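Source file model.txt; content: compact mmCIF, C-alpha atoms and all ligand atoms.
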# COMPACT_ATOMS: atom_id res chain seq x y z
CA MET A 125 -76.35 -15.89 21.13
CA ASP A 126 -76.64 -12.20 21.91
CA PHE A 127 -73.34 -10.41 21.16
CA MET A 128 -72.68 -9.23 24.73
CA GLU A 129 -73.48 -12.73 25.97
CA LEU A 130 -71.02 -14.13 23.43
CA MET A 131 -68.24 -11.89 24.73
CA ALA A 132 -69.11 -12.49 28.38
CA SER A 133 -69.22 -16.26 28.04
CA ARG A 134 -66.01 -16.59 26.01
CA HIS A 135 -63.09 -17.80 28.00
CA SER A 136 -59.77 -19.40 27.19
CA VAL A 137 -60.14 -23.10 26.49
CA ARG A 138 -57.12 -25.31 27.14
CA ASP A 139 -58.70 -28.77 27.18
CA PHE A 140 -60.07 -30.02 23.90
CA LEU A 141 -62.02 -32.93 22.50
CA PRO A 142 -60.11 -34.67 19.69
CA ASP A 143 -63.02 -34.06 17.25
CA PRO A 144 -61.86 -32.15 14.17
CA ILE A 145 -63.46 -28.82 13.32
CA PRO A 146 -65.56 -29.22 10.16
CA ASP A 147 -64.09 -27.29 7.19
CA GLU A 148 -67.23 -25.17 6.91
CA VAL A 149 -66.82 -23.97 10.52
CA LEU A 150 -63.07 -23.46 10.14
CA ASN A 151 -63.64 -21.41 7.00
CA GLU A 152 -66.16 -19.25 8.83
CA ILE A 153 -63.59 -18.63 11.58
CA LEU A 154 -60.91 -17.69 9.04
CA GLU A 155 -63.40 -15.52 7.15
CA ALA A 156 -64.10 -13.58 10.36
CA GLY A 157 -60.37 -12.85 10.53
CA ARG A 158 -60.24 -11.83 6.89
CA LEU A 159 -63.01 -9.26 7.35
CA ALA A 160 -61.16 -7.32 10.05
CA PRO A 161 -60.19 -3.67 9.68
CA SER A 162 -56.51 -2.77 9.43
CA SER A 163 -54.40 0.35 9.26
CA GLN A 164 -54.66 1.70 5.68
CA ASN A 165 -56.40 -1.57 4.89
CA ARG A 166 -53.00 -3.22 4.52
CA GLN A 167 -54.24 -6.60 5.78
CA PRO A 168 -50.84 -7.79 6.98
CA TRP A 169 -52.25 -10.94 8.63
CA ARG A 170 -51.15 -14.33 7.39
CA TYR A 171 -52.42 -17.56 8.92
CA VAL A 172 -50.70 -20.93 9.03
CA VAL A 173 -53.25 -23.63 9.87
CA LEU A 174 -52.25 -27.03 11.26
CA LYS A 175 -54.93 -29.74 11.29
CA ASP A 176 -52.93 -32.94 11.42
CA PRO A 177 -52.66 -34.22 15.04
CA GLU A 178 -49.10 -35.46 14.45
CA GLN A 179 -48.02 -32.08 13.04
CA ILE A 180 -49.64 -30.30 15.98
CA LYS A 181 -47.87 -32.54 18.46
CA LYS A 182 -44.56 -31.90 16.72
CA MET A 183 -45.24 -28.16 16.62
CA SER A 184 -45.93 -28.11 20.36
CA LEU A 185 -42.60 -29.81 21.00
CA ASN A 186 -40.78 -27.49 18.62
CA SER A 187 -42.04 -24.14 19.86
CA GLY A 188 -39.04 -23.55 22.11
CA LEU A 189 -38.44 -23.72 25.83
CA LEU A 190 -40.97 -20.98 26.55
CA GLY A 191 -43.55 -23.04 24.67
CA LEU A 192 -43.30 -25.87 27.18
CA SER A 193 -45.80 -24.03 29.41
CA ASN A 194 -48.23 -24.39 26.52
CA LEU A 195 -47.90 -28.11 25.95
CA PHE A 196 -51.70 -28.34 26.22
CA ILE A 197 -51.87 -27.34 22.55
CA ARG A 198 -50.68 -30.80 21.56
CA LYS A 199 -54.20 -32.16 22.08
CA ALA A 200 -56.01 -29.49 20.06
CA PRO A 201 -57.42 -30.64 16.71
CA CYS A 202 -56.42 -27.36 15.09
CA LEU A 203 -53.62 -24.90 15.66
CA ILE A 204 -53.29 -21.53 13.99
CA ALA A 205 -50.11 -19.49 13.91
CA ALA A 206 -51.28 -15.90 13.53
CA CYS A 207 -48.55 -14.11 11.64
CA ALA A 208 -47.95 -10.66 10.23
CA ASP A 209 -46.05 -9.81 7.11
CA SER A 210 -44.17 -6.91 8.67
CA SER A 211 -43.21 -5.59 5.23
CA LYS A 212 -46.91 -4.80 4.69
CA GLY A 213 -47.30 -3.03 8.01
CA LEU A 214 -47.77 0.64 8.80
CA ARG A 215 -45.51 2.40 11.29
CA VAL A 216 -46.92 5.57 12.84
CA ASN A 217 -46.19 7.22 16.20
CA ALA A 218 -43.30 4.80 16.56
CA GLN A 219 -45.83 1.97 16.68
CA ASP A 220 -45.95 -1.04 14.42
CA TYR A 221 -49.63 -1.24 13.60
CA TYR A 222 -49.37 -4.68 12.04
CA LEU A 223 -49.46 -6.00 15.59
CA VAL A 224 -52.74 -4.17 16.23
CA ASP A 225 -54.13 -5.29 12.86
CA VAL A 226 -53.40 -8.95 13.52
CA ALA A 227 -54.75 -8.74 17.07
CA ILE A 228 -58.09 -7.36 15.82
CA SER A 229 -58.31 -10.03 13.14
CA VAL A 230 -57.46 -12.83 15.59
CA GLN A 231 -60.00 -11.72 18.18
CA GLN A 232 -62.69 -11.67 15.46
CA MET A 233 -61.76 -15.29 14.79
CA VAL A 234 -61.87 -16.16 18.48
CA LEU A 235 -65.39 -14.73 18.80
CA ALA A 236 -66.61 -16.29 15.55
CA ALA A 237 -65.29 -19.63 16.80
CA TRP A 238 -67.02 -19.30 20.16
CA ASN A 239 -70.24 -18.48 18.33
CA ARG A 240 -69.95 -21.98 16.79
CA GLY A 241 -69.05 -23.64 20.09
CA VAL A 242 -65.35 -23.79 19.26
CA GLY A 243 -62.98 -22.79 22.03
CA SER A 244 -59.53 -21.29 21.68
CA CYS A 245 -56.74 -19.69 23.66
CA TRP A 246 -54.43 -16.85 22.74
CA MET A 247 -50.82 -17.83 23.28
CA ALA A 248 -47.73 -15.69 23.49
CA ALA A 249 -45.50 -18.15 25.33
CA TYR A 250 -43.43 -19.70 22.56
CA ASN A 251 -40.08 -18.99 21.03
CA GLU A 252 -40.73 -17.04 17.86
CA LYS A 253 -37.42 -18.01 16.29
CA ALA A 254 -38.12 -21.71 16.87
CA VAL A 255 -41.66 -21.45 15.50
CA LYS A 256 -40.53 -19.52 12.42
CA LYS A 257 -37.87 -22.12 11.74
CA TYR A 258 -40.24 -25.06 12.23
CA LEU A 259 -42.93 -23.54 9.99
CA ASP A 260 -40.36 -22.32 7.49
CA LEU A 261 -41.80 -18.79 7.46
CA PRO A 262 -40.45 -15.93 5.33
CA LYS A 263 -38.01 -13.52 6.97
CA SER A 264 -40.40 -10.55 7.00
CA TRP A 265 -43.10 -12.47 8.90
CA ARG A 266 -43.62 -12.13 12.64
CA VAL A 267 -45.48 -14.73 14.66
CA VAL A 268 -47.88 -12.53 16.63
CA ALA A 269 -49.69 -15.32 18.48
CA MET A 270 -50.48 -18.99 18.29
CA LEU A 271 -53.91 -20.34 19.05
CA PRO A 272 -55.30 -23.85 19.48
CA PHE A 273 -58.92 -24.24 18.33
CA GLY A 274 -61.29 -27.08 19.18
CA TYR A 275 -64.44 -28.17 20.94
CA PRO A 276 -64.02 -27.82 24.72
CA ALA A 277 -63.60 -31.02 26.72
CA GLU A 278 -66.09 -31.24 29.54
CA LYS A 279 -63.47 -32.30 32.02
CA LYS A 280 -60.63 -29.86 32.59
CA THR A 281 -57.17 -31.15 33.39
CA VAL A 282 -55.38 -29.87 36.49
CA TYR A 283 -52.90 -28.25 34.13
CA GLY A 284 -55.64 -26.39 32.22
CA LYS A 285 -57.23 -25.26 35.49
CA ALA A 286 -53.88 -24.02 36.84
CA LEU A 287 -53.11 -21.99 33.72
CA SER A 288 -56.45 -20.25 34.06
CA PHE A 289 -56.19 -19.81 37.85
CA PHE A 290 -52.68 -18.32 37.75
CA PRO A 291 -53.58 -15.06 35.87
CA GLY A 292 -56.96 -14.83 37.65
CA SER A 293 -58.71 -15.32 34.34
CA LYS A 294 -62.21 -14.51 35.54
CA ASN A 295 -61.23 -11.11 36.97
CA ARG A 296 -61.71 -7.88 35.09
CA LEU A 297 -61.06 -4.36 36.34
CA PRO A 298 -64.23 -2.34 36.92
CA LEU A 299 -65.07 0.47 34.47
CA GLU A 300 -64.19 3.12 37.09
CA LYS A 301 -60.59 1.90 36.99
CA ILE A 302 -60.19 1.88 33.23
CA VAL A 303 -62.33 4.77 31.96
CA ARG A 304 -61.62 8.42 32.48
CA TYR A 305 -64.22 10.94 31.26
CA PHE A 306 -62.20 13.96 30.22
CA GLY A 307 -63.33 17.21 31.81
CA GLU A 308 -65.30 15.56 34.63
CA HIS A 309 -64.10 15.41 38.21
C1 LIG A 401 -51.85 -11.77 23.89
C2 LIG A 401 -52.22 -12.89 24.82
C3 LIG A 401 -51.28 -13.87 25.13
C4 LIG A 401 -51.62 -14.95 25.96
N1 LIG A 401 -50.70 -15.96 26.16
C5 LIG A 401 -51.07 -17.07 26.82
C6 LIG A 401 -50.19 -18.18 26.91
O1 LIG A 401 -49.08 -18.17 26.39
N2 LIG A 401 -50.61 -19.28 27.60
C7 LIG A 401 -51.85 -19.36 28.17
O2 LIG A 401 -52.17 -20.40 28.75
N3 LIG A 401 -52.72 -18.32 28.10
C8 LIG A 401 -52.36 -17.18 27.45
N4 LIG A 401 -53.26 -16.13 27.31
C9 LIG A 401 -54.61 -16.25 27.89
C10 LIG A 401 -54.81 -15.31 29.07
O3 LIG A 401 -54.19 -15.85 30.22
C11 LIG A 401 -56.34 -15.15 29.30
O4 LIG A 401 -56.91 -14.58 28.14
C12 LIG A 401 -56.65 -14.26 30.48
O5 LIG A 401 -56.23 -14.86 31.70
C13 LIG A 401 -58.15 -13.99 30.59
O6 LIG A 401 -58.83 -15.22 30.69
P1 LIG A 401 -59.98 -15.64 29.67
O7 LIG A 401 -59.39 -15.63 28.29
O8 LIG A 401 -60.40 -17.02 30.10
O9 LIG A 401 -61.09 -14.63 29.79
C14 LIG A 401 -52.93 -15.02 26.52
C15 LIG A 401 -53.86 -14.03 26.22
C16 LIG A 401 -53.53 -12.98 25.37
C17 LIG A 401 -54.59 -11.96 25.01

If you convert what's in this file into structure tokens, what do you get?
Amino acid sequence: MDFMELMASRHSVRDFLPDPIPDEVLNEILEAGRLAPSSQNRQPWRYVVLKDPEQIKKMSLNSGLLGLSNLFIRKAPCLIAACADSSKGLRVNAQDYYLVDVAISVQQMVLAAWNRGVGSCWMAAYNEKAVKKYLDLPKSWRVVAMLPFGYPAEKKTVYGKALSFFPGSKNRLPLEKIVRYFGEH
């Protein structure tokens, strides 16, 4: 697939087939994350991968009250908690760049997955404390996002449709609204 086409066709997938992702494909996805750039090349990303359906179901029920809106993850064959070791991060301009670093790395994984027909969905709605406790993560780690990965189910559930309809997922602001050419009127 052409790269622009890949980006244009990618969308959040919330309904998955139960088929597991072959290790070779999963490794390619993780490799795409590993290759990402990071501030001072500190590579603060750490990934916790869940592949066992029972573990994933338990995780979905243990991700805190906020996570209940994301119960759809329980049916994904793979779940990745994208974490940052904050002790490795760079702080400049009062910004914690480990968040940027992990976001770049995760989006590379999302695109690499889509290139192999694997859908995913960024998720911020979970309780970080609950997730950290459940996954027994070190103190210095932050859970930046959680993402289910899997082959898209043809039929979308009402729930999946609603979660995509609510934020107007297909809409993007036009370039005129987001780009300002300095010095031009
Ligand atoms: C940082 C981030 C957090 C998100 N959190 C959630 C979430 O908790 N639950 C959910 O269903 N979708 C979540 N989304 C998905 C967005 O709703 C979706 O990306 C947006 O509506 C655009 O739709 P698209 O991904 O289909 O293009 C999140 C996306 C991002 C980038």

Self-check item: Contacts with ligand LIG 401 (chain A) at most 10 Å, all atoms listed in the file counted, listed as a PyMOL selection string
Solution: chain A and resi 131-138+190-197+227+230-231+244-250+268-271+283-296

Self-check item: Leu174 in chain A surroundings by all atoms listed in the file, 7 Å radius, close-in-sequence under 2 positions cut, as a list in words
Solution: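 Contacts, in chain order: Val172, Asp176, Gln179, Ile180, Cys202, Leu203 and Ile204 of chain A.
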
Exercise. To one decimal in Å, tell me the separation between CA of Trp238 in chain A and CA of Arg158 in chain A.
Key: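 CA of Trp238 in chain A sits 16.7 Å away from CA of Arg158 in chain A.
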
Quiz item: Hey, can you check how far CA of Arg198 in chain A sits from CA of Pro142 in chain A?
Solution: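 About the pair CA of Arg198 in chain A and CA of Pro142 in chain A: they are 10.4 Å apart.
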
Quiz item: In Å to one decimal, how far is CA of Lys182 in chain A from CA of Gly243 in chain A?
Solution: 21.2 Å

Using all atoms of range 253-263 of chain A that appear in the file, construct an axis-aligned enclosing box with 4 Å of padding on every side and provide its centre coordinates and edge lengths in Å, rounded to one decimal, as lines of an AutoDock Vina configuration file.
center_x = -40.2
center_y = -19.3
center_z = 11.1
size_x = 13.5
size_y = 19.5
size_z = 19.5

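Among the candidate residues A:Asn251, A:Ser211, A:Ser162, A:Asn239, the one lying nearest to Val149 in chain A is A:Asn239, with distances computed using all atoms listed in the file.
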
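Proximity of A:Pro144, A:Pro262, A:Gly188, A:Gly241 to Arg170 in chain A, computed with all atoms listed in the file, is greatest for A:Pro262.
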
Quiz item: Looking at all atoms listed in the file, which of A:Ile228, A:Ala206, A:Met233, A:Leu214 is the one that sits closest to Val267 in chain A?
Solution: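 Nearest candidate to Val267 in chain A out of A:Ile228, A:Ala206, A:Met233, A:Leu214: A:Ala206.
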
Self-check item: Distance query Arg215 in chain A at most 12 Å, all atoms listed in the file, self and fewer than 3 positions along chain excluded, as a list of chain:residue names
Solution: A:Ser163, A:Gln164, A:Arg166, A:Ser210, A:Ser211, A:Lys212, A:Ala218, A:Gln219, A:Asp220, A:Tyr221, A:Tyr222, A:Leu223, A:Val224, A:Asp225

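Counting only C-alpha atoms, the residue from A:Cys207, A:Val282, A:Ala277, A:Leu130 that sits nearest to Pro168 in chain A is A:Cys207.
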
Practice problem: Excluding Gly274 in chain A and any residue of its chain fewer than 2 positions from it, enumerate the residues within 7 Å of it, using all atoms listed in the file, and give them as a PyMOL selection string. | Solution: chain A and resi 140-141+145+200-202+242-244+272+276

Quiz prompt | Which of A:Met128, A:Lys181, A:Gly157, A:Asn186 sits closest to Lys257 in chain A [using only C-alpha atoms] | solution =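 When distances to Lys257 in chain A are compared using only C-alpha atoms, the smallest one comes from A:Asn186.
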
Quiz item: From the set A:Glu308, A:Glu178, A:Ala237, A:Ala254, which residue has the shortest atom-to-atom contact distance to Glu148 in chain A, counting only C-alpha atoms?
Solution: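 Ranking A:Glu308, A:Glu178, A:Ala237, A:Ala254 by distance to Glu148 in chain A, first place goes to A:Ala237.
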